[in-house]
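A.B. asks: Would you mind keeping the following structure in view while I ask a few things?
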Number of protein chains: 2
Amino acid sequence: MTTTFKRVIIENVQPEIDGGRFPIRRAMGESVRVTVDIFADSHDRIAGELKYRRSGESRWQRLPLALLGNDRWQGVFRVDAVGEYVYTVHAWIDPFATWADRLGKREAAGQDPELDLREGAAQVAAAARCATAPDAERLRWFAEFIGGGERTSDRVRAALDPDLAQMMARWPDRSRESTYARELRVRVERALARFSTWYELFPRSCATEPGRHGTFEDVIARLPYIAKMGFDVLYLPPIHPIGSTHRKGKNNRASADPDDPGSPWAIGGPEGGHTAVHPQLGNLASFQKLMTAARDRGVEVALDLAFQCSPDHPFVAAHPEWFRRRPDGSVQYAENPPKKYQDIFPLDFESEQGGALAEALLGIVRFWVDQGVRIFRVDNPHTKPLRFWEWLIGEVKRTHPETIFLAEAFTRPRSMYRLAKGGFTQSYSYFTWRNLKWEIEQYFEILNQTSVAEFFWPNLWPNTPDILPEYLQTGGRAAFIVRLVLAATLSSSYGIYGPVFELCEAEPREPFSEEYLDSEKYQIRHWDLNAPHNLKDLITRVNRIRRTNPALQQNRNLLFHAVGNEEIVCFSKHTDDYANMVLVVVNLDPHHAHSATLQLPVAALELDDEQGFQVHDLIRDTRYLWHAGGNFVALDPQSMPAHIFRIRRKVRTEHDFDYFM
Amino acid sequence: MTTTFKRVIIENVQPEIDGGRFPIRRAMGESVRVTVDIFADSHDRIAGELKYRRSGESRWQRLPLALLGNDRWQGVFRVDAVGEYVYTVHAWIDPFATWADRLGKREAAGQDPELDLREGAAQVAAAARCATAPDAERLRWFAEFIGGGERTSDRVRAALDPDLAQMMARWPDRSRESTYARELRVRVERALARFSTWYELFPRSCATEPGRHGTFEDVIARLPYIAKMGFDVLYLPPIHPIGSTHRKGKNNRASADPDDPGSPWAIGGPEGGHTAVHPQLGNLASFQKLMTAARDRGVEVALDLAFQCSPDHPFVAAHPEWFRRRPDGSVQYAENPPKKYQDIFPLDFESEQGGALAEALLGIVRFWVDQGVRIFRVDNPHTKPLRFWEWLIGEVKRTHPETIFLAEAFTRPRSMYRLAKGGFTQSYSYFTWRNLKWEIEQYFEILNQTSVAEFFWPNLWPNTPDILPEYLQTGGRAAFIVRLVLAATLSSSYGIYGPVFELCEAEPREPFSEEYLDSEKYQIRHWDLNAPHNLKDLITRVNRIRRTNPALQQNRNLLFHAVGNEEIVCFSKHTDDYANMVLVVVNLDPHHAHSATLQLPVAALELDDEQGFQVHDLIRDTRYLWHAGGNFVALDPQSMPAHIFRIRRKVRTEHDFDYFM
């Protein structure tokens, strides 16, 4: 047997990731714009509400949905606390609005409204019985007035009184409301997750004099340099003891000289494993000192999570069951035939003791969380089970939702997206190899204009210790500037591996290699931070532009603009209210000057076509008057291959004095 | 505590409607192409299978998935029985393929494969323990051979033997396989659901002499005319008794003359309701005779389901609880203020007895199903709860899955789609008002190239008793031809309301009205089927073209081609194997001749660029030699505004004699 059929249909709630299997991601203070299809049979009027709450709280916040047209509705809510929110949608037939519509049409047609008035009076009386003061009394009055006695025209006017409509909307009969099938989740991150500026360095290369192994104290001494450039995250490669068995030599040579320090990613030695500090860097106390000194300068320290072991890691002896054995009984080292990485043993998540292993790895993260670390850059997460990360990040965030995880996954797109859906806050991206205009436009439209933007937050790196891209090898200083400006403006989060980046180091280990010559991965280097033609002043300026222009602190606002020159890319970002608008124009050819005439969509940018507007180059501090027609730009890589314009609107004051806001 | 994490991720199975909430739709014999993202951590090789079965059967059919690239996999299965199928996806790490890859790379690099061979031998031995004869024995042999004794190079060759790979694929270790989260459904319809040609007529207007009320016998006499034109569905407006209270007069006048027959949609009188036959049409026996006579001519009778009652319907007295009351105690008639339809009482699905009402309506459908009716055209389904239809159609299809329901819903798109998702086999569409080229292209791309095609099957009507479109009113005979050719070729199902259509009747009730003057809805008409300039020969030809060209019997194959003339629309359809290709070119302007040069995408149509091809106009039976470059077409509405070309490929026989296939 059937019961009554709920008449309202609620479908296609957006955003929704994989049918609600994964949460969307927002930063604190951002809003969630929910849209949904709501409709029913017949022409009855519908009302709907968006409800949301923090996970764990029992009381829902509710707000009415507004009809956008064509059965699409919308509601927007703000997330104000780090952690998890849930949201869903309810909707119901609104008999009073339906009735008022009908009454209005009847009146317009001059038909007798008597029966309608009596029907409406009954509806209002019913609402009065559910309502509390002061609505209850006023509704009773309306019910009586509309119901009879007075002049018909007065009763109709009362029935259509907007106050009555508002009161009736406050006391709807929702006994037959429909509810969306799922509650959807929002993962709310702290503000730094959305807008962050990263600097990576090798602590052991920070000694003030050549030849010495750098220490945490040396890093502390380097902090003013880093903070002054405007970085707010300092990411350190693994700080743990390094294995000596099969240690790699300089330039990844198979054997090491006695004084070669080894790769920091070959973690573990007699001094300890992932919870120990490399003795030549310092100890937990000096690490704490570094954390504090950094915090005092507005910089947060990020650690590397590289879940693999050197042959000398304590796990190898204590937990042989966590490693795969070869048929001769030896431990299986990492290999990607014909390449062998004998200094590294991967962990075997498929072993019978995989559960205990996962708990141990969670223990490592908890250890550093207890030390105050709240940012982790995770090495090669795509080589461990993807569901492992979902579990581990979920566990950490349950107690420390402010923790940030950056996925260093340079792999195929679906794995990268899955890591982000499963919890990674930020992700490395293909930006590192996207140099041509069409590549950049296509890639960033996917990242920012599709549902990918709901969960995948890119952190753009022009270089890393593993990647010296060909563009930087061949393009000279101009190439570094181009990639810096693109990284810093295409995404609200970016990072550089320094000091090699600001020093424009571009020598590969061998031709066609993306490895640095004499890479810091295998040896200690000493850098002259004041070498000529370094980029620190430009970096300082670009990071200041990011900090003072909120448009650059988000990504979904990215809009590319057509330019009739394939070497010039042009895009803008603006805040929701258009109060802050930034226009970036970059000559991608590091060898030749290029020019173009830009045609901006002034209407879409809410610019006044007739008044014109000012563009203020925040790199050069120069200003130009532009208009709706073509505006000429010329960019010479020998001087400066990029503009970062603030668009300033003309404002007319009451004294008829114009200025640009 | 955690257990082991399943490594393989299965996501984004397509087709999937609303997260699996609704089935997709296929006709018997069609195939379902399933694509899915499958990936895992690391570079291990993956294997996957698509499994499917008829609902109710316990044994799954299984077939291996093939990698399309970029982690997207595909499998295709055919549905061979009307009813419901389910499908889902499994995938697992394939350790043997992974191992064989590694061995191959190791060999290529000249590294010692000894340990690999011992590892592989263990894998093969394990598979041998699970396998049955004859694989078991052969696997044991391989395990021993690879494991040791013989020359290393021979052992490597044996290990990479394709036969071994195939056997190992037959006995995979699937203990850690991943399963897609959902089982997805396919609603399989009979062939007529996909490819059908409808003719609607008013039986009461079928009398051979004017003035008499037509009968089922008269319809039987009309059958040869209908069948000869090539129609296979004969749809009759409601055949039930018609109410006399508030009966509408000619041209929808508020009061009827004594001899006015009333609207067939005002169902119910003293003679009975939805299960009774209008006495002037005949009785159940003569209806059965009509069904049989139609079947003998390859025509199936479709009835109208109009769930509403005249004031004289037996339900009104027997079930007052199924109707809404006005405050004065009278039954609420249908109205859309200021319009009143006092001859029709809507049913109140929200009444306390809504469940019993739904059961009664299901009973009506079952009554006609028991009479052998298997096609229902449902009047205004969007004015009844959408979930009611989902329930009703589900109930009917549970016992009679071959039943076809056509939704006469001319409403907003989301409601129309929801009705189709909820079970309606075919749907009326906006085609009736899509006259301009861009409208046609845009609309049919949505219907055929998006996920809408998975559930919404349009049935195109150039006219209906309710709709005489302006284009037909003003365009003359050419307009009727244009709309006929478009309906018959844009969709595998179409229908006309005749004989007014083939007689090119185009007189509206009043200017700007879509109502016919002297509409058959309110009066009996008598038609001269041999009136000059009628379209029956052309209709016969067009329907024969549809029947002999399988490309026209499906919709997802529709491709529009660019034409540099906004009045000429050009599109093609081809079978999967390109054996049948039809190209349609229509001049949409019924008043002026137009010409254009067509540039066809010969590569996409698998045509030989150099050889050229023949286009055979199946309307005029004329042939033209065409080539990759521009081909000239000129269409004069005064003679024939459309081409329906069969594209014939040149074939070279062994005797070097060319002909066009």
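In the structure tokens, chains take the letters A, B, ... in the order shown, each chain's residues start at 1, and ligands count up from 1 in the order shown.
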Please identify all polymer residues within 12 Å of Pro637 (chain A), counting only C-alpha atoms, omitting same-chain residues fewer than 5 positions from it, and present them as a count of residues only.

C.D. replies: 22

A.B. asks: Would you list the contacts of Pro338 (chain B) as a list in words, taking every protein, DNA or RNA residue within 9 Å and counting only C-alpha atoms, but skipping same-chain residues closer than 2 positions in sequence?

C.D. replies: Arg102, Lys105, Arg106, Glu107, Ala108, Ala109, Gly110 and Gln111 of chain A; Glu335, Asn336 and Lys340 of chain B

A.B. asks: Least-squares superposition of chain B on chain A, all Cα atoms, in-order pairing: what RMSD comes out, in Å?

C.D. replies: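 C-alpha RMSD, chain B fitted to chain A: 0.1 Å.
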
A.B. asks: Can you tell me, as JSON, numbers by chain, what residues are no more than 10 Å from region 238-246 of chain A when counting only C-alpha atoms, ignoring any on the same chain fewer than 4 positions away?

C.D. replies: {"A": [202, 203, 204, 216, 254, 255, 256, 258, 260, 261, 262, 263, 264, 265, 266, 267, 268, 269, 270, 271, 272, 273, 274, 275, 276, 277, 278, 279, 280, 281, 282, 283, 287, 303, 304, 305, 306, 309, 310, 311, 312, 313, 341, 342, 343, 344, 377, 379]}

A.B. asks: With C-alpha atoms retained, could you export that selection as an mmCIF file, in the first residue's frame?

C.D. replies:
```
data_model
loop_
_atom_site.group_PDB
_atom_site.id
_atom_site.type_symbol
_atom_site.label_atom_id
_atom_site.label_comp_id
_atom_site.auth_asym_id
_atom_site.auth_seq_id
_atom_site.Cartn_x
_atom_site.Cartn_y
_atom_site.Cartn_z
ATOM 1 C CA PHE A 202 67.868 23.186 3.624
ATOM 2 C CA PRO A 203 68.786 24.028 7.225
ATOM 3 C CA ARG A 204 72.170 22.374 6.853
ATOM 4 C CA PHE A 216 68.498 25.363 13.778
ATOM 5 C CA ALA A 254 75.784 5.466 -5.789
ATOM 6 C CA SER A 255 78.402 5.705 -3.052
ATOM 7 C CA ALA A 256 79.140 8.469 -0.614
ATOM 8 C CA PRO A 258 82.985 9.890 4.229
ATOM 9 C CA ASP A 260 78.876 13.358 2.374
ATOM 10 C CA PRO A 261 75.819 14.167 4.527
ATOM 11 C CA GLY A 262 73.363 11.939 2.615
ATOM 12 C CA SER A 263 69.830 12.692 1.524
ATOM 13 C CA PRO A 264 67.544 13.960 4.295
ATOM 14 C CA TRP A 265 64.837 11.719 2.829
ATOM 15 C CA ALA A 266 66.830 8.585 3.770
ATOM 16 C CA ILE A 267 65.386 8.825 7.236
ATOM 17 C CA GLY A 268 66.646 7.037 10.332
ATOM 18 C CA GLY A 269 69.888 6.030 11.944
ATOM 19 C CA PRO A 270 71.193 4.825 15.279
ATOM 20 C CA GLU A 271 70.145 8.205 16.737
ATOM 21 C CA GLY A 272 66.509 7.491 15.929
ATOM 22 C CA GLY A 273 63.847 7.693 13.252
ATOM 23 C CA HIS A 274 60.978 9.979 12.385
ATOM 24 C CA THR A 275 60.613 11.442 15.853
ATOM 25 C CA ALA A 276 64.323 12.171 16.322
ATOM 26 C CA VAL A 277 66.263 15.295 15.303
ATOM 27 C CA HIS A 278 69.450 15.108 13.254
ATOM 28 C CA PRO A 279 72.166 15.746 15.870
ATOM 29 C CA GLN A 280 74.046 18.199 13.637
ATOM 30 C CA LEU A 281 70.916 20.338 13.269
ATOM 31 C CA GLY A 282 70.168 20.472 16.956
ATOM 32 C CA ASN A 283 67.667 18.834 19.239
ATOM 33 C CA PHE A 287 63.751 23.079 17.308
ATOM 34 C CA LEU A 303 57.826 19.796 8.488
ATOM 35 C CA ASP A 304 58.209 17.089 5.886
ATOM 36 C CA LEU A 305 56.435 13.750 6.325
ATOM 37 C CA ALA A 306 58.381 11.189 4.298
ATOM 38 C CA CYS A 309 63.081 4.352 6.116
ATOM 39 C CA SER A 310 66.800 4.165 5.597
ATOM 40 C CA PRO A 311 68.238 0.691 6.238
ATOM 41 C CA ASP A 312 69.434 2.065 9.580
ATOM 42 C CA HIS A 313 66.013 3.239 10.781
ATOM 43 C CA TYR A 341 67.112 3.336 -4.391
ATOM 44 C CA GLN A 342 68.998 1.110 -2.005
ATOM 45 C CA ASP A 343 69.227 3.840 0.647
ATOM 46 C CA ILE A 344 65.442 3.723 1.093
ATOM 47 C CA ARG A 377 54.343 18.781 3.570
ATOM 48 C CA ASP A 379 56.428 13.479 0.487
#
```

A.B. asks: Excluding Leu517 (chain A) and any residue of its chain fewer than 5 positions from it, enumerate the residues within 12 Å of it, using only C-alpha atoms, and give them as a PDB file with all heavy atoms, in the first residue's frame.

C.D. replies:
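As a result, around02.pdb now contains:
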```
ATOM      1  N   LYS A 250      77.481  12.883  -3.552  1.00  0.00           N
ATOM      2  CA  LYS A 250      77.142  14.119  -4.263  1.00  0.00           C
ATOM      3  C   LYS A 250      76.542  13.789  -5.623  1.00  0.00           C
ATOM      4  O   LYS A 250      76.959  12.844  -6.287  1.00  0.00           O
ATOM      5  CB  LYS A 250      78.390  14.975  -4.450  1.00  0.00           C
ATOM      6  CG  LYS A 250      78.966  15.518  -3.159  1.00  0.00           C
ATOM      7  CD  LYS A 250      80.162  16.447  -3.441  1.00  0.00           C
ATOM      8  CE  LYS A 250      80.871  16.821  -2.141  1.00  0.00           C
ATOM      9  NZ  LYS A 250      81.507  15.635  -1.465  1.00  0.00           N
ATOM     10  N   ASN A 251      75.594  14.621  -6.057  1.00  0.00           N
ATOM     11  CA  ASN A 251      74.930  14.428  -7.364  1.00  0.00           C
ATOM     12  C   ASN A 251      74.372  13.020  -7.528  1.00  0.00           C
ATOM     13  O   ASN A 251      74.411  12.447  -8.616  1.00  0.00           O
ATOM     14  CB  ASN A 251      75.895  14.795  -8.503  1.00  0.00           C
ATOM     15  CG  ASN A 251      76.076  16.305  -8.583  1.00  0.00           C
ATOM     16  OD1 ASN A 251      75.096  17.037  -8.656  1.00  0.00           O
ATOM     17  ND2 ASN A 251      77.315  16.765  -8.532  1.00  0.00           N
ATOM     18  N   ASN A 252      73.871  12.473  -6.408  1.00  0.00           N
ATOM     19  CA  ASN A 252      73.182  11.172  -6.414  1.00  0.00           C
ATOM     20  C   ASN A 252      74.104  10.034  -6.825  1.00  0.00           C
ATOM     21  O   ASN A 252      73.638   9.024  -7.351  1.00  0.00           O
ATOM     22  CB  ASN A 252      71.948  11.234  -7.347  1.00  0.00           C
ATOM     23  CG  ASN A 252      70.944  10.128  -7.030  1.00  0.00           C
ATOM     24  OD1 ASN A 252      70.884   9.631  -5.895  1.00  0.00           O
ATOM     25  ND2 ASN A 252      70.182   9.717  -8.031  1.00  0.00           N
ATOM     26  N   PRO A 465      63.466  21.190  -4.849  1.00  0.00           N
ATOM     27  CA  PRO A 465      64.789  20.535  -4.889  1.00  0.00           C
ATOM     28  C   PRO A 465      64.853  19.423  -5.941  1.00  0.00           C
ATOM     29  O   PRO A 465      65.930  19.066  -6.399  1.00  0.00           O
ATOM     30  CB  PRO A 465      64.942  19.968  -3.472  1.00  0.00           C
ATOM     31  CG  PRO A 465      64.090  20.847  -2.618  1.00  0.00           C
ATOM     32  CD  PRO A 465      62.916  21.210  -3.480  1.00  0.00           C
ATOM     33  N   ASP A 466      63.684  18.885  -6.330  1.00  0.00           N
ATOM     34  CA  ASP A 466      63.663  17.831  -7.343  1.00  0.00           C
ATOM     35  C   ASP A 466      63.485  18.367  -8.753  1.00  0.00           C
ATOM     36  O   ASP A 466      63.660  17.632  -9.722  1.00  0.00           O
ATOM     37  CB  ASP A 466      62.492  16.858  -7.081  1.00  0.00           C
ATOM     38  CG  ASP A 466      62.675  16.095  -5.783  1.00  0.00           C
ATOM     39  OD1 ASP A 466      63.806  15.661  -5.522  1.00  0.00           O
ATOM     40  OD2 ASP A 466      61.686  15.954  -5.042  1.00  0.00           O
ATOM     41  N   ILE A 467      63.053  19.604  -8.894  1.00  0.00           N
ATOM     42  CA  ILE A 467      62.651  20.095 -10.216  1.00  0.00           C
ATOM     43  C   ILE A 467      63.218  21.477 -10.506  1.00  0.00           C
ATOM     44  O   ILE A 467      62.794  22.480  -9.923  1.00  0.00           O
ATOM     45  CB  ILE A 467      61.115  20.151 -10.342  1.00  0.00           C
ATOM     46  CG1 ILE A 467      60.477  18.842  -9.875  1.00  0.00           C
ATOM     47  CG2 ILE A 467      60.715  20.447 -11.800  1.00  0.00           C
ATOM     48  CD1 ILE A 467      58.981  18.936  -9.668  1.00  0.00           C
ATOM     49  N   LEU A 468      64.178  21.494 -11.397  1.00  0.00           N
ATOM     50  CA  LEU A 468      64.645  22.734 -11.994  1.00  0.00           C
ATOM     51  C   LEU A 468      64.105  22.711 -13.418  1.00  0.00           C
ATOM     52  O   LEU A 468      64.677  22.090 -14.310  1.00  0.00           O
ATOM     53  CB  LEU A 468      66.186  22.769 -11.999  1.00  0.00           C
ATOM     54  CG  LEU A 468      66.832  23.893 -12.827  1.00  0.00           C
ATOM     55  CD1 LEU A 468      66.447  25.262 -12.295  1.00  0.00           C
ATOM     56  CD2 LEU A 468      68.349  23.728 -12.848  1.00  0.00           C
ATOM     57  N   GLN A 473      65.968  26.885 -16.702  1.00  0.00           N
ATOM     58  CA  GLN A 473      67.337  26.597 -17.138  1.00  0.00           C
ATOM     59  C   GLN A 473      67.741  27.461 -18.319  1.00  0.00           C
ATOM     60  O   GLN A 473      68.904  27.821 -18.475  1.00  0.00           O
ATOM     61  CB  GLN A 473      67.477  25.121 -17.552  1.00  0.00           C
ATOM     62  CG  GLN A 473      67.323  24.127 -16.413  1.00  0.00           C
ATOM     63  CD  GLN A 473      67.406  22.681 -16.916  1.00  0.00           C
ATOM     64  OE1 GLN A 473      68.075  22.397 -17.901  1.00  0.00           O
ATOM     65  NE2 GLN A 473      66.737  21.772 -16.214  1.00  0.00           N
ATOM     66  N   VAL A 500      68.127  29.141  -3.859  1.00  0.00           N
ATOM     67  CA  VAL A 500      68.467  28.974  -5.269  1.00  0.00           C
ATOM     68  C   VAL A 500      67.524  29.754  -6.174  1.00  0.00           C
ATOM     69  O   VAL A 500      67.921  30.239  -7.221  1.00  0.00           O
ATOM     70  CB  VAL A 500      68.507  27.484  -5.704  1.00  0.00           C
ATOM     71  CG1 VAL A 500      69.588  26.739  -4.939  1.00  0.00           C
ATOM     72  CG2 VAL A 500      67.170  26.806  -5.508  1.00  0.00           C
ATOM     73  N   GLU A 505      69.601  30.438  -9.637  1.00  0.00           N
ATOM     74  CA  GLU A 505      70.416  29.259  -9.927  1.00  0.00           C
ATOM     75  C   GLU A 505      69.724  28.415 -10.987  1.00  0.00           C
ATOM     76  O   GLU A 505      68.549  28.071 -10.848  1.00  0.00           O
ATOM     77  CB  GLU A 505      70.574  28.414  -8.668  1.00  0.00           C
ATOM     78  CG  GLU A 505      71.714  28.825  -7.783  1.00  0.00           C
ATOM     79  CD  GLU A 505      73.063  28.442  -8.366  1.00  0.00           C
ATOM     80  OE1 GLU A 505      73.216  27.293  -8.858  1.00  0.00           O
ATOM     81  OE2 GLU A 505      73.945  29.315  -8.350  1.00  0.00           O
ATOM     82  N   ALA A 506      70.459  28.037 -12.051  1.00  0.00           N
ATOM     83  CA  ALA A 506      69.773  27.374 -13.164  1.00  0.00           C
ATOM     84  C   ALA A 506      70.645  26.311 -13.830  1.00  0.00           C
ATOM     85  O   ALA A 506      70.391  25.933 -14.965  1.00  0.00           O
ATOM     86  CB  ALA A 506      69.328  28.415 -14.181  1.00  0.00           C
ATOM     87  N   GLU A 507      71.632  25.807 -13.125  1.00  0.00           N
ATOM     88  CA  GLU A 507      72.551  24.844 -13.735  1.00  0.00           C
ATOM     89  C   GLU A 507      72.051  23.428 -13.475  1.00  0.00           C
ATOM     90  O   GLU A 507      71.998  22.977 -12.343  1.00  0.00           O
ATOM     91  CB  GLU A 507      73.939  25.022 -13.105  1.00  0.00           C
ATOM     92  CG  GLU A 507      75.077  24.439 -13.920  1.00  0.00           C
ATOM     93  CD  GLU A 507      75.295  25.206 -15.230  1.00  0.00           C
ATOM     94  OE1 GLU A 507      75.250  26.458 -15.181  1.00  0.00           O
ATOM     95  OE2 GLU A 507      75.472  24.546 -16.268  1.00  0.00           O
ATOM     96  N   PRO A 508      71.682  22.669 -14.521  1.00  0.00           N
ATOM     97  CA  PRO A 508      71.219  21.295 -14.288  1.00  0.00           C
ATOM     98  C   PRO A 508      72.401  20.344 -14.105  1.00  0.00           C
ATOM     99  O   PRO A 508      73.529  20.655 -14.503  1.00  0.00           O
ATOM    100  CB  PRO A 508      70.457  20.961 -15.572  1.00  0.00           C
ATOM    101  CG  PRO A 508      71.149  21.761 -16.622  1.00  0.00           C
ATOM    102  CD  PRO A 508      71.630  23.028 -15.951  1.00  0.00           C
ATOM    103  N   ARG A 509      72.096  19.205 -13.513  1.00  0.00           N
ATOM    104  CA  ARG A 509      73.146  18.217 -13.264  1.00  0.00           C
ATOM    105  C   ARG A 509      73.746  17.754 -14.580  1.00  0.00           C
ATOM    106  O   ARG A 509      74.945  17.604 -14.713  1.00  0.00           O
ATOM    107  CB  ARG A 509      72.563  17.026 -12.495  1.00  0.00           C
ATOM    108  CG  ARG A 509      73.595  16.153 -11.836  1.00  0.00           C
ATOM    109  CD  ARG A 509      72.937  15.065 -11.013  1.00  0.00           C
ATOM    110  NE  ARG A 509      72.200  14.143 -11.857  1.00  0.00           N
ATOM    111  CZ  ARG A 509      71.246  13.309 -11.403  1.00  0.00           C
ATOM    112  NH1 ARG A 509      70.905  13.323 -10.114  1.00  0.00           N
ATOM    113  NH2 ARG A 509      70.636  12.503 -12.224  1.00  0.00           N
ATOM    114  N   GLU A 510      72.873  17.529 -15.571  1.00  0.00           N
ATOM    115  CA  GLU A 510      73.348  17.223 -16.920  1.00  0.00           C
ATOM    116  C   GLU A 510      72.274  17.697 -17.897  1.00  0.00           C
ATOM    117  O   GLU A 510      71.152  17.962 -17.475  1.00  0.00           O
ATOM    118  CB  GLU A 510      73.635  15.719 -17.100  1.00  0.00           C
ATOM    119  CG  GLU A 510      72.436  14.798 -17.037  1.00  0.00           C
ATOM    120  CD  GLU A 510      72.202  14.199 -15.662  1.00  0.00           C
ATOM    121  OE1 GLU A 510      73.135  14.170 -14.830  1.00  0.00           O
ATOM    122  OE2 GLU A 510      71.040  13.788 -15.397  1.00  0.00           O
ATOM    123  N   PRO A 511      72.605  17.754 -19.186  1.00  0.00           N
ATOM    124  CA  PRO A 511      71.590  18.230 -20.134  1.00  0.00           C
ATOM    125  C   PRO A 511      70.316  17.386 -20.048  1.00  0.00           C
ATOM    126  O   PRO A 511      70.374  16.178 -19.812  1.00  0.00           O
ATOM    127  CB  PRO A 511      72.268  18.057 -21.498  1.00  0.00           C
ATOM    128  CG  PRO A 511      73.732  18.066 -21.209  1.00  0.00           C
ATOM    129  CD  PRO A 511      73.888  17.472 -19.841  1.00  0.00           C
ATOM    130  N   PHE A 512      69.176  18.005 -20.203  1.00  0.00           N
ATOM    131  CA  PHE A 512      67.848  17.367 -20.175  1.00  0.00           C
ATOM    132  C   PHE A 512      67.441  16.877 -18.783  1.00  0.00           C
ATOM    133  O   PHE A 512      66.402  16.265 -18.620  1.00  0.00           O
ATOM    134  CB  PHE A 512      67.753  16.192 -21.171  1.00  0.00           C
ATOM    135  CG  PHE A 512      68.153  16.573 -22.560  1.00  0.00           C
ATOM    136  CD1 PHE A 512      69.315  16.085 -23.137  1.00  0.00           C
ATOM    137  CD2 PHE A 512      67.377  17.480 -23.293  1.00  0.00           C
ATOM    138  CE1 PHE A 512      69.698  16.462 -24.416  1.00  0.00           C
ATOM    139  CE2 PHE A 512      67.754  17.852 -24.575  1.00  0.00           C
ATOM    140  CZ  PHE A 512      68.907  17.342 -25.137  1.00  0.00           C
ATOM    141  N   TYR A 522      72.038  16.269  -1.723  1.00  0.00           N
ATOM    142  CA  TYR A 522      73.135  15.336  -1.430  1.00  0.00           C
ATOM    143  C   TYR A 522      74.375  16.003  -0.856  1.00  0.00           C
ATOM    144  O   TYR A 522      75.329  15.327  -0.533  1.00  0.00           O
ATOM    145  CB  TYR A 522      73.524  14.584  -2.720  1.00  0.00           C
ATOM    146  CG  TYR A 522      72.333  13.983  -3.420  1.00  0.00           C
ATOM    147  CD1 TYR A 522      71.830  14.544  -4.584  1.00  0.00           C
ATOM    148  CD2 TYR A 522      71.691  12.866  -2.873  1.00  0.00           C
ATOM    149  CE1 TYR A 522      70.727  14.013  -5.212  1.00  0.00           C
ATOM    150  CE2 TYR A 522      70.578  12.330  -3.507  1.00  0.00           C
ATOM    151  CZ  TYR A 522      70.095  12.903  -4.669  1.00  0.00           C
ATOM    152  OH  TYR A 522      69.005  12.379  -5.280  1.00  0.00           O
ATOM    153  N   GLN A 523      74.368  17.332  -0.788  1.00  0.00           N
ATOM    154  CA  GLN A 523      75.537  17.994  -0.229  1.00  0.00           C
ATOM    155  C   GLN A 523      75.150  19.329   0.368  1.00  0.00           C
ATOM    156  O   GLN A 523      74.094  19.883   0.078  1.00  0.00           O
ATOM    157  CB  GLN A 523      76.617  18.187  -1.303  1.00  0.00           C
ATOM    158  CG  GLN A 523      76.262  19.183  -2.402  1.00  0.00           C
ATOM    159  CD  GLN A 523      77.207  19.089  -3.595  1.00  0.00           C
ATOM    160  OE1 GLN A 523      77.077  18.224  -4.461  1.00  0.00           O
ATOM    161  NE2 GLN A 523      78.186  19.982  -3.617  1.00  0.00           N
ATOM    162  N   ARG A 525      75.505  23.243   0.772  1.00  0.00           N
ATOM    163  CA  ARG A 525      75.933  24.362  -0.074  1.00  0.00           C
ATOM    164  C   ARG A 525      76.004  25.625   0.771  1.00  0.00           C
ATOM    165  O   ARG A 525      75.406  25.733   1.837  1.00  0.00           O
ATOM    166  CB  ARG A 525      74.943  24.576  -1.226  1.00  0.00           C
ATOM    167  CG  ARG A 525      74.804  23.410  -2.180  1.00  0.00           C
ATOM    168  CD  ARG A 525      76.029  23.235  -3.075  1.00  0.00           C
ATOM    169  NE  ARG A 525      76.328  24.420  -3.849  1.00  0.00           N
ATOM    170  CZ  ARG A 525      75.822  24.687  -5.076  1.00  0.00           C
ATOM    171  NH1 ARG A 525      75.009  23.818  -5.642  1.00  0.00           N
ATOM    172  NH2 ARG A 525      76.149  25.793  -5.710  1.00  0.00           N
TER     173      ARG A 525
END
```

A.B. asks: Find the residues near Gly56 (chain B): any atom within 9 Å, counting only C-alpha atoms, skip ones fewer than 2 places away on the same chain, and give them as a list in words.

C.D. replies: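 So, after excluding close chain neighbours, the residues are Arg53, Arg54, Ser58, Glu84 and Tyr85 of chain B.
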
A.B. asks: Those residues with C-alpha atoms, as an mmCIF file, in the first residue's frame please?

C.D. replies:
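What follows is the written file part_10.cif:
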```cif
data_model
loop_
_atom_site.group_PDB
_atom_site.id
_atom_site.type_symbol
_atom_site.label_atom_id
_atom_site.label_comp_id
_atom_site.auth_asym_id
_atom_site.auth_seq_id
_atom_site.Cartn_x
_atom_site.Cartn_y
_atom_site.Cartn_z
ATOM 1 C CA ARG B 53 22.846 -9.182 -14.388
ATOM 2 C CA ARG B 54 19.119 -9.002 -14.848
ATOM 3 C CA SER B 58 21.561 -14.261 -8.961
ATOM 4 C CA GLU B 84 15.737 -4.254 -15.239
ATOM 5 C CA TYR B 85 19.477 -4.881 -15.251
#
```
